[in-house]
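Coordinates as given in protein_8.cif (mmCIF, N, CA and C atoms and all ligand atoms):
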```cif
data_upload
#
loop_
_atom_site.label_atom_id
_atom_site.label_comp_id
_atom_site.auth_asym_id
_atom_site.auth_seq_id
_atom_site.Cartn_x
_atom_site.Cartn_y
_atom_site.Cartn_z
N MET A 1 -28.17 -3.35 -10.60
CA MET A 1 -26.75 -3.74 -10.55
C MET A 1 -26.19 -3.49 -9.15
N THR A 2 -25.54 -4.50 -8.57
CA THR A 2 -24.93 -4.28 -7.25
C THR A 2 -23.50 -3.79 -7.43
N THR A 3 -23.10 -2.86 -6.56
CA THR A 3 -21.73 -2.38 -6.67
C THR A 3 -20.82 -3.24 -5.79
N ARG A 4 -19.64 -3.50 -6.30
CA ARG A 4 -18.70 -4.32 -5.55
C ARG A 4 -18.00 -3.46 -4.49
N PRO A 5 -17.70 -4.05 -3.32
CA PRO A 5 -16.91 -3.30 -2.33
C PRO A 5 -15.56 -2.90 -2.94
N THR A 6 -15.13 -1.70 -2.61
CA THR A 6 -13.89 -1.17 -3.21
C THR A 6 -12.73 -1.17 -2.22
N ILE A 7 -11.59 -1.60 -2.72
CA ILE A 7 -10.34 -1.53 -1.95
C ILE A 7 -9.46 -0.46 -2.61
N PHE A 8 -9.08 0.55 -1.86
CA PHE A 8 -8.12 1.53 -2.37
C PHE A 8 -6.71 0.93 -2.22
N VAL A 9 -5.89 1.06 -3.27
CA VAL A 9 -4.49 0.61 -3.20
C VAL A 9 -3.62 1.83 -3.45
N LEU A 10 -2.99 2.34 -2.40
CA LEU A 10 -2.27 3.61 -2.47
C LEU A 10 -0.77 3.38 -2.39
N ASN A 11 -0.07 3.99 -3.32
CA ASN A 11 1.38 3.79 -3.44
C ASN A 11 2.10 5.13 -3.37
N GLY A 12 3.18 5.16 -2.58
CA GLY A 12 3.89 6.41 -2.35
C GLY A 12 5.09 6.62 -3.25
N PRO A 13 5.98 7.52 -2.80
CA PRO A 13 7.08 8.03 -3.61
C PRO A 13 7.98 6.96 -4.23
N ASN A 14 8.32 7.19 -5.48
CA ASN A 14 9.29 6.39 -6.25
C ASN A 14 8.76 5.04 -6.71
N LEU A 15 7.56 4.68 -6.29
CA LEU A 15 7.03 3.37 -6.72
C LEU A 15 6.59 3.41 -8.18
N ASN A 16 6.46 4.61 -8.75
CA ASN A 16 6.23 4.73 -10.20
C ASN A 16 7.44 4.21 -10.98
N LEU A 17 8.58 4.10 -10.31
CA LEU A 17 9.80 3.64 -11.01
C LEU A 17 10.04 2.14 -10.87
N LEU A 18 9.10 1.44 -10.24
CA LEU A 18 9.28 -0.02 -10.07
C LEU A 18 9.54 -0.68 -11.42
N GLY A 19 10.38 -1.69 -11.38
CA GLY A 19 10.76 -2.36 -12.62
C GLY A 19 12.20 -2.00 -12.98
N MET A 20 12.52 -0.70 -12.82
CA MET A 20 13.90 -0.27 -13.08
C MET A 20 14.58 0.26 -11.81
N ARG A 21 13.80 0.41 -10.74
CA ARG A 21 14.34 0.96 -9.50
C ARG A 21 14.92 -0.18 -8.63
N GLU A 22 16.23 -0.18 -8.45
CA GLU A 22 16.90 -1.18 -7.60
C GLU A 22 16.21 -2.55 -7.71
N PRO A 23 16.24 -3.17 -8.92
CA PRO A 23 15.51 -4.42 -9.12
C PRO A 23 15.98 -5.55 -8.21
N GLU A 24 17.24 -5.47 -7.75
CA GLU A 24 17.75 -6.51 -6.85
C GLU A 24 17.03 -6.47 -5.50
N ILE A 25 16.41 -5.33 -5.18
CA ILE A 25 15.63 -5.21 -3.93
C ILE A 25 14.13 -5.34 -4.21
N TYR A 26 13.68 -4.66 -5.27
CA TYR A 26 12.23 -4.54 -5.47
C TYR A 26 11.68 -5.43 -6.59
N GLY A 27 12.56 -6.13 -7.32
CA GLY A 27 12.09 -6.99 -8.39
C GLY A 27 11.92 -6.25 -9.71
N THR A 28 11.45 -6.96 -10.70
CA THR A 28 11.39 -6.38 -12.06
C THR A 28 9.95 -6.07 -12.50
N ASP A 29 8.96 -6.42 -11.69
CA ASP A 29 7.58 -6.05 -12.04
C ASP A 29 7.43 -4.53 -11.98
N THR A 30 6.67 -3.99 -12.93
CA THR A 30 6.34 -2.57 -12.86
C THR A 30 5.09 -2.41 -12.00
N LEU A 31 4.78 -1.17 -11.64
CA LEU A 31 3.57 -0.92 -10.86
C LEU A 31 2.33 -1.30 -11.69
N ASP A 32 2.41 -1.09 -13.00
CA ASP A 32 1.29 -1.50 -13.88
C ASP A 32 1.10 -3.02 -13.86
N ASP A 33 2.21 -3.77 -13.84
CA ASP A 33 2.10 -5.24 -13.75
C ASP A 33 1.35 -5.63 -12.47
N ILE A 34 1.74 -4.99 -11.37
CA ILE A 34 1.12 -5.30 -10.08
C ILE A 34 -0.36 -4.93 -10.11
N ALA A 35 -0.66 -3.75 -10.65
CA ALA A 35 -2.06 -3.29 -10.71
C ALA A 35 -2.90 -4.25 -11.55
N GLY A 36 -2.33 -4.73 -12.66
CA GLY A 36 -3.06 -5.65 -13.55
C GLY A 36 -3.42 -6.94 -12.84
N ARG A 37 -2.45 -7.50 -12.12
CA ARG A 37 -2.71 -8.76 -11.41
C ARG A 37 -3.73 -8.57 -10.28
N LEU A 38 -3.62 -7.42 -9.60
CA LEU A 38 -4.58 -7.16 -8.51
C LEU A 38 -5.99 -6.99 -9.04
N GLU A 39 -6.11 -6.37 -10.24
CA GLU A 39 -7.43 -6.24 -10.88
C GLU A 39 -8.07 -7.61 -11.06
N ASP A 40 -7.31 -8.56 -11.61
CA ASP A 40 -7.82 -9.92 -11.85
C ASP A 40 -8.21 -10.59 -10.53
N GLN A 41 -7.31 -10.44 -9.55
CA GLN A 41 -7.56 -11.05 -8.24
C GLN A 41 -8.81 -10.45 -7.59
N ALA A 42 -8.95 -9.12 -7.69
CA ALA A 42 -10.11 -8.44 -7.10
C ALA A 42 -11.39 -8.93 -7.76
N GLN A 43 -11.34 -9.05 -9.06
CA GLN A 43 -12.49 -9.54 -9.83
C GLN A 43 -12.93 -10.91 -9.28
N ALA A 44 -11.94 -11.79 -9.11
CA ALA A 44 -12.24 -13.15 -8.63
C ALA A 44 -12.79 -13.13 -7.20
N LEU A 45 -12.40 -12.12 -6.43
CA LEU A 45 -12.85 -12.03 -5.04
C LEU A 45 -14.15 -11.25 -4.90
N GLY A 46 -14.67 -10.77 -6.03
CA GLY A 46 -15.91 -9.98 -5.98
C GLY A 46 -15.69 -8.57 -5.47
N LEU A 47 -14.47 -8.07 -5.64
CA LEU A 47 -14.14 -6.72 -5.18
C LEU A 47 -13.77 -5.85 -6.37
N SER A 48 -13.73 -4.54 -6.16
CA SER A 48 -13.10 -3.70 -7.18
C SER A 48 -11.96 -2.93 -6.50
N ILE A 49 -10.96 -2.57 -7.27
CA ILE A 49 -9.85 -1.83 -6.67
C ILE A 49 -9.70 -0.47 -7.33
N ASP A 50 -9.21 0.46 -6.53
CA ASP A 50 -8.91 1.81 -7.01
C ASP A 50 -7.42 2.01 -6.74
N PHE A 51 -6.60 1.88 -7.78
CA PHE A 51 -5.15 1.78 -7.63
C PHE A 51 -4.49 3.12 -7.99
N ARG A 52 -3.71 3.69 -7.08
CA ARG A 52 -3.13 5.02 -7.31
C ARG A 52 -1.68 5.10 -6.81
N GLN A 53 -0.93 6.02 -7.39
CA GLN A 53 0.45 6.28 -6.94
C GLN A 53 0.70 7.78 -6.94
N SER A 54 1.41 8.25 -5.93
CA SER A 54 1.85 9.65 -5.95
C SER A 54 3.19 9.79 -5.26
N ASN A 55 3.95 10.77 -5.71
CA ASN A 55 5.21 11.09 -5.05
C ASN A 55 5.03 12.12 -3.93
N HIS A 56 3.76 12.51 -3.68
CA HIS A 56 3.49 13.61 -2.76
C HIS A 56 2.69 13.15 -1.53
N GLU A 57 3.23 13.46 -0.37
CA GLU A 57 2.63 13.05 0.90
C GLU A 57 1.17 13.48 1.01
N GLY A 58 0.88 14.74 0.64
CA GLY A 58 -0.48 15.27 0.78
C GLY A 58 -1.49 14.50 -0.05
N HIS A 59 -1.07 14.01 -1.22
CA HIS A 59 -1.99 13.22 -2.04
C HIS A 59 -2.40 11.95 -1.28
N LEU A 60 -1.43 11.31 -0.64
CA LEU A 60 -1.74 10.07 0.09
C LEU A 60 -2.71 10.35 1.23
N ILE A 61 -2.52 11.49 1.90
CA ILE A 61 -3.42 11.87 3.00
C ILE A 61 -4.82 12.16 2.45
N ASP A 62 -4.89 12.92 1.36
CA ASP A 62 -6.20 13.20 0.74
C ASP A 62 -6.89 11.90 0.33
N TRP A 63 -6.12 10.96 -0.20
CA TRP A 63 -6.72 9.70 -0.69
C TRP A 63 -7.19 8.82 0.47
N LEU A 64 -6.46 8.85 1.59
CA LEU A 64 -6.93 8.10 2.78
C LEU A 64 -8.28 8.67 3.23
N GLN A 65 -8.38 10.00 3.24
CA GLN A 65 -9.66 10.62 3.64
C GLN A 65 -10.75 10.30 2.61
N GLU A 66 -10.35 10.27 1.34
CA GLU A 66 -11.32 9.96 0.28
C GLU A 66 -11.82 8.52 0.41
N ALA A 67 -10.94 7.62 0.80
CA ALA A 67 -11.33 6.21 0.98
C ALA A 67 -12.47 6.12 1.99
N GLN A 68 -12.34 6.91 3.05
CA GLN A 68 -13.40 6.92 4.07
C GLN A 68 -14.69 7.50 3.49
N ALA A 69 -14.58 8.64 2.80
CA ALA A 69 -15.77 9.31 2.24
C ALA A 69 -16.46 8.41 1.22
N ALA A 70 -15.67 7.61 0.51
CA ALA A 70 -16.22 6.74 -0.55
C ALA A 70 -16.75 5.42 0.02
N GLY A 71 -16.56 5.21 1.31
CA GLY A 71 -17.04 3.97 1.92
C GLY A 71 -16.23 2.76 1.50
N ALA A 72 -14.93 2.95 1.28
CA ALA A 72 -14.06 1.83 0.88
C ALA A 72 -14.07 0.75 1.97
N LYS A 73 -13.91 -0.50 1.53
CA LYS A 73 -13.88 -1.63 2.47
C LYS A 73 -12.54 -1.68 3.22
N ALA A 74 -11.47 -1.34 2.54
CA ALA A 74 -10.13 -1.35 3.14
C ALA A 74 -9.19 -0.55 2.25
N VAL A 75 -8.03 -0.23 2.80
CA VAL A 75 -6.96 0.43 2.03
C VAL A 75 -5.70 -0.42 2.14
N LEU A 76 -5.07 -0.71 1.02
CA LEU A 76 -3.71 -1.27 1.04
C LEU A 76 -2.78 -0.09 0.82
N LEU A 77 -1.83 0.10 1.71
CA LEU A 77 -0.98 1.29 1.64
C LEU A 77 0.50 0.91 1.65
N ASN A 78 1.17 1.18 0.53
CA ASN A 78 2.63 1.15 0.51
C ASN A 78 3.08 2.60 0.46
N ALA A 79 3.35 3.16 1.63
CA ALA A 79 3.73 4.57 1.71
C ALA A 79 5.20 4.78 1.35
N ALA A 80 5.89 3.70 0.97
CA ALA A 80 7.30 3.76 0.55
C ALA A 80 8.12 4.52 1.62
N GLY A 81 8.99 5.43 1.21
CA GLY A 81 9.88 6.10 2.18
C GLY A 81 9.11 6.87 3.25
N LEU A 82 7.89 7.31 2.93
CA LEU A 82 7.10 8.08 3.91
C LEU A 82 6.66 7.22 5.10
N THR A 83 6.70 5.90 4.90
CA THR A 83 6.41 4.97 6.00
C THR A 83 7.22 5.32 7.24
N HIS A 84 8.48 5.68 7.00
CA HIS A 84 9.45 5.82 8.08
C HIS A 84 9.58 7.26 8.60
N THR A 85 8.77 8.17 8.04
CA THR A 85 8.92 9.58 8.42
C THR A 85 7.62 10.29 8.74
N SER A 86 6.50 9.78 8.24
CA SER A 86 5.31 10.63 8.20
C SER A 86 4.33 10.43 9.36
N VAL A 87 4.41 11.37 10.30
CA VAL A 87 3.41 11.40 11.39
C VAL A 87 2.06 11.78 10.80
N ALA A 88 2.06 12.60 9.75
CA ALA A 88 0.79 13.05 9.15
C ALA A 88 0.04 11.88 8.51
N ILE A 89 0.75 10.94 7.90
CA ILE A 89 0.08 9.76 7.33
C ILE A 89 -0.41 8.86 8.49
N HIS A 90 0.40 8.72 9.52
CA HIS A 90 -0.02 7.98 10.72
C HIS A 90 -1.34 8.56 11.24
N ASP A 91 -1.40 9.89 11.36
CA ASP A 91 -2.60 10.54 11.88
C ASP A 91 -3.79 10.32 10.96
N ALA A 92 -3.55 10.35 9.64
CA ALA A 92 -4.66 10.16 8.67
C ALA A 92 -5.23 8.75 8.80
N ILE A 93 -4.36 7.76 9.02
CA ILE A 93 -4.84 6.38 9.19
C ILE A 93 -5.70 6.29 10.46
N LYS A 94 -5.23 6.96 11.53
CA LYS A 94 -5.98 6.92 12.79
C LYS A 94 -7.30 7.69 12.68
N ALA A 95 -7.33 8.66 11.77
CA ALA A 95 -8.51 9.53 11.67
C ALA A 95 -9.67 8.88 10.93
N ILE A 96 -9.40 7.81 10.20
CA ILE A 96 -10.47 7.17 9.42
C ILE A 96 -10.83 5.82 10.05
N HIS A 97 -12.02 5.37 9.71
CA HIS A 97 -12.47 4.08 10.25
C HIS A 97 -12.17 2.92 9.31
N VAL A 98 -11.78 3.23 8.09
CA VAL A 98 -11.48 2.19 7.10
C VAL A 98 -10.19 1.47 7.53
N PRO A 99 -10.21 0.12 7.58
CA PRO A 99 -8.97 -0.57 7.96
C PRO A 99 -7.87 -0.41 6.90
N VAL A 100 -6.67 -0.13 7.38
CA VAL A 100 -5.53 0.08 6.48
C VAL A 100 -4.54 -1.07 6.69
N ILE A 101 -4.12 -1.67 5.60
CA ILE A 101 -3.12 -2.73 5.64
C ILE A 101 -1.82 -2.18 5.04
N GLU A 102 -0.74 -2.28 5.81
CA GLU A 102 0.57 -1.81 5.35
C GLU A 102 1.17 -2.85 4.40
N VAL A 103 1.75 -2.38 3.30
CA VAL A 103 2.34 -3.28 2.30
C VAL A 103 3.75 -2.80 1.94
N HIS A 104 4.68 -3.75 1.83
CA HIS A 104 6.02 -3.44 1.30
C HIS A 104 6.50 -4.60 0.45
N LEU A 105 7.18 -4.28 -0.62
CA LEU A 105 7.81 -5.32 -1.44
C LEU A 105 8.95 -5.98 -0.67
N SER A 106 9.83 -5.13 -0.15
CA SER A 106 10.97 -5.64 0.63
C SER A 106 10.55 -5.77 2.09
N ASP A 107 11.45 -6.30 2.92
CA ASP A 107 11.17 -6.35 4.35
C ASP A 107 12.02 -5.28 5.03
N PRO A 108 11.41 -4.14 5.36
CA PRO A 108 12.19 -3.02 5.92
C PRO A 108 12.97 -3.41 7.17
N HIS A 109 12.47 -4.41 7.93
CA HIS A 109 13.17 -4.79 9.16
C HIS A 109 14.48 -5.50 8.89
N LYS A 110 14.65 -5.99 7.65
CA LYS A 110 15.92 -6.66 7.32
C LYS A 110 16.87 -5.70 6.61
N ARG A 111 16.50 -4.41 6.57
CA ARG A 111 17.33 -3.44 5.84
C ARG A 111 17.94 -2.42 6.82
N GLU A 112 18.27 -1.23 6.32
CA GLU A 112 18.93 -0.23 7.16
C GLU A 112 18.07 0.10 8.39
N GLU A 113 18.76 0.52 9.46
CA GLU A 113 18.05 0.78 10.71
C GLU A 113 16.99 1.88 10.57
N PHE A 114 17.24 2.86 9.67
CA PHE A 114 16.25 3.96 9.56
C PHE A 114 14.93 3.47 8.99
N ARG A 115 14.92 2.24 8.44
CA ARG A 115 13.64 1.69 7.92
C ARG A 115 12.91 0.86 8.97
N HIS A 116 13.50 0.72 10.14
CA HIS A 116 12.89 -0.18 11.13
C HIS A 116 11.70 0.46 11.83
N ILE A 117 11.65 1.80 11.82
CA ILE A 117 10.48 2.46 12.41
C ILE A 117 9.43 2.65 11.32
N SER A 118 8.19 2.30 11.64
CA SER A 118 7.09 2.49 10.68
C SER A 118 5.94 3.22 11.35
N TYR A 119 5.78 4.49 10.96
CA TYR A 119 4.65 5.27 11.48
C TYR A 119 3.34 4.73 10.91
N VAL A 120 3.40 4.12 9.72
CA VAL A 120 2.22 3.48 9.13
C VAL A 120 1.85 2.26 9.97
N GLY A 121 2.84 1.43 10.27
CA GLY A 121 2.61 0.19 11.00
C GLY A 121 2.01 0.40 12.39
N MET A 122 2.35 1.54 13.00
CA MET A 122 1.81 1.83 14.34
C MET A 122 0.31 2.10 14.30
N ALA A 123 -0.21 2.39 13.11
CA ALA A 123 -1.65 2.71 12.99
C ALA A 123 -2.41 1.68 12.15
N ALA A 124 -1.65 0.88 11.36
CA ALA A 124 -2.32 -0.05 10.43
C ALA A 124 -2.78 -1.30 11.17
N LYS A 125 -3.70 -2.01 10.55
CA LYS A 125 -4.25 -3.24 11.14
C LYS A 125 -3.28 -4.40 11.06
N GLU A 126 -2.63 -4.56 9.90
CA GLU A 126 -1.62 -5.60 9.73
C GLU A 126 -0.66 -5.22 8.63
N CYS A 127 0.34 -6.08 8.41
CA CYS A 127 1.40 -5.73 7.46
C CYS A 127 1.82 -6.94 6.65
N PHE A 128 1.98 -6.76 5.35
CA PHE A 128 2.56 -7.79 4.49
C PHE A 128 3.80 -7.20 3.85
N ALA A 129 4.95 -7.79 4.12
CA ALA A 129 6.22 -7.23 3.65
C ALA A 129 7.20 -8.34 3.36
N GLY A 130 8.06 -8.11 2.38
CA GLY A 130 9.15 -9.04 2.12
C GLY A 130 8.81 -10.13 1.13
N HIS A 131 7.65 -10.06 0.51
CA HIS A 131 7.25 -11.09 -0.47
C HIS A 131 7.31 -10.55 -1.91
N GLY A 132 8.03 -9.45 -2.11
CA GLY A 132 8.05 -8.83 -3.44
C GLY A 132 6.64 -8.37 -3.80
N ALA A 133 6.32 -8.43 -5.11
CA ALA A 133 5.01 -7.97 -5.57
C ALA A 133 3.88 -8.78 -4.94
N LYS A 134 4.21 -10.00 -4.51
CA LYS A 134 3.18 -10.86 -3.89
C LYS A 134 2.65 -10.29 -2.57
N SER A 135 3.40 -9.38 -1.95
CA SER A 135 2.91 -8.75 -0.71
C SER A 135 1.54 -8.11 -0.96
N TYR A 136 1.38 -7.50 -2.15
CA TYR A 136 0.10 -6.84 -2.47
C TYR A 136 -1.01 -7.89 -2.56
N GLU A 137 -0.70 -9.02 -3.17
CA GLU A 137 -1.73 -10.06 -3.37
C GLU A 137 -2.16 -10.66 -2.03
N LEU A 138 -1.18 -10.88 -1.14
CA LEU A 138 -1.50 -11.40 0.20
C LEU A 138 -2.34 -10.40 0.97
N ALA A 139 -2.02 -9.12 0.81
CA ALA A 139 -2.77 -8.07 1.51
C ALA A 139 -4.20 -7.98 0.97
N LEU A 140 -4.37 -8.16 -0.34
CA LEU A 140 -5.72 -8.11 -0.91
C LEU A 140 -6.56 -9.29 -0.41
N ASP A 141 -5.95 -10.47 -0.32
CA ASP A 141 -6.66 -11.63 0.24
C ASP A 141 -7.10 -11.33 1.67
N ALA A 142 -6.22 -10.71 2.45
CA ALA A 142 -6.56 -10.37 3.84
C ALA A 142 -7.70 -9.36 3.87
N ALA A 143 -7.63 -8.35 3.00
CA ALA A 143 -8.68 -7.31 2.97
C ALA A 143 -10.03 -7.92 2.61
N ALA A 144 -10.03 -8.93 1.74
CA ALA A 144 -11.28 -9.57 1.33
C ALA A 144 -11.96 -10.24 2.52
N ARG A 145 -11.17 -10.65 3.51
CA ARG A 145 -11.74 -11.34 4.67
C ARG A 145 -12.34 -10.38 5.70
N TYR A 146 -12.08 -9.07 5.57
CA TYR A 146 -12.63 -8.11 6.55
C TYR A 146 -14.13 -8.03 6.43
C1 LIG A 201 9.24 0.00 0.37
C2 LIG A 201 10.25 -0.03 1.51
C3 LIG A 201 10.63 1.38 1.94
O1 LIG A 201 11.60 1.33 2.98
C4 LIG A 201 11.22 2.13 0.77
O2 LIG A 201 11.49 3.47 1.15
C5 LIG A 201 10.39 2.08 -0.45
C6 LIG A 201 9.74 0.82 -0.79
C7 LIG A 201 8.93 -1.42 -0.16
O3 LIG A 201 7.88 -1.60 -0.79
O4 LIG A 201 9.72 -2.34 0.03
O5 LIG A 201 10.31 3.04 -1.21
O6 LIG A 201 8.01 0.55 0.86
#
```

Could you render the structure from this file as structure tokens?
Amino acid sequence: MTTRPTIFVLNGPNLNLLGMREPEIYGTDTLDDIAGRLEDQAQALGLSIDFRQSNHEGHLIDWLQEAQAAGAKAVLLNAAGLTHTSVAIHDAIKAIHVPVIEVHLSDPHKREEFRHISYVGMAAKECFAGHGAKSYELALDAAARY
């Protein structure tokens, strides 16, 4: 049996509340809805995904390191609010060789000024933002091409 290349999909703080969290900004899909669709898409692309969410910065850092140790093909990372604050996540992305793609449901550049800086974006390979839940699907298609 051949193992499929794995894409880690890491989600940060408050994304567990998707569906009921500011739906006018983030839409009505839950994180489970997004994970389900990505599973199907990954299957069709010959990939497998490892989909996770945490409200804790250290978990995201541990998981980025784990992606490297596990030989993941790529990481899709929606670091949520930590995108705009975390030098430690920036450093973790730089510390691994696995390509990281930044993902956001909304487009932070069209929102408050404090969202315009992205410590993730300064280290990530590319970014898909502003397409709602579809940002994840576009990012997975991009990861499949690596
Ligand atoms: C977000 C955008 C961030 O600015 C915000 O803090 C989030 C969600 C998005 O997916 O649009 O929590 O990452």

To test your reading of the structure, identify every residue in chain A that backbone DSSP assigns to helix (DSSP H, G or I), and report it as a count of residues only.
66

Counting only C-alpha atoms, I want the residues whose atoms come within 12 Å of (12.0, -0.9, -6.9) in the file frame, returned as a count of residues only.
27

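Minimum atom-to-atom distance to A:Ile7, evaluated using all atoms listed in the file, belongs to A:Leu76 out of A:Gln65, A:Leu60, A:Leu76, A:Leu38.
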
Enclosing box along x, y and z for every listed atom of stretch 8-27 of chain A, padded 5 Å each side, centre and size in Å, one decimal, as lines of an AutoDock Vina configuration file:
```
center_x = 4.3
center_y = 0.5
center_z = -7.5
size_x = 36.8
size_y = 25.0
size_z = 21.2
```

Mind giving me the straight-line distance from atom N of A:Glu102 to atom CA of A:Val120 in Å, one decimal?
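The value is 7.3 Å.
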
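Each of A:Glu137, A:Asp91, A:Asp107, A:Glu39 was compared to ligand LIG 201 (chain A) using only N, CA and C atoms and all ligand atoms, and A:Asp107 turns out to be the nearest.
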
Between atom CA of A:Ile117 and atom CA of A:Asp33, what distance in Å does the model show, to one decimal?
28.5 Å

Of the candidates A:Ala44, A:Val9, A:Ile49, A:Ala124, which shows the shortest atom-to-atom distance to A:Val75, using only C-alpha atoms?
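Among A:Ala44, A:Val9, A:Ile49, A:Ala124, it is A:Val9 that comes nearest to A:Val75.
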
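For the pair atom N of A:Lys134 and atom N of A:Thr83, the separation is 18.6 Å.
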
Pick out the closest residue to A:Ala74 from this set: A:Ala95, A:Leu140, A:Met122, A:Ile89. Count only C-alpha atoms.
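Selected residue with least distance to A:Ala74: A:Leu140.
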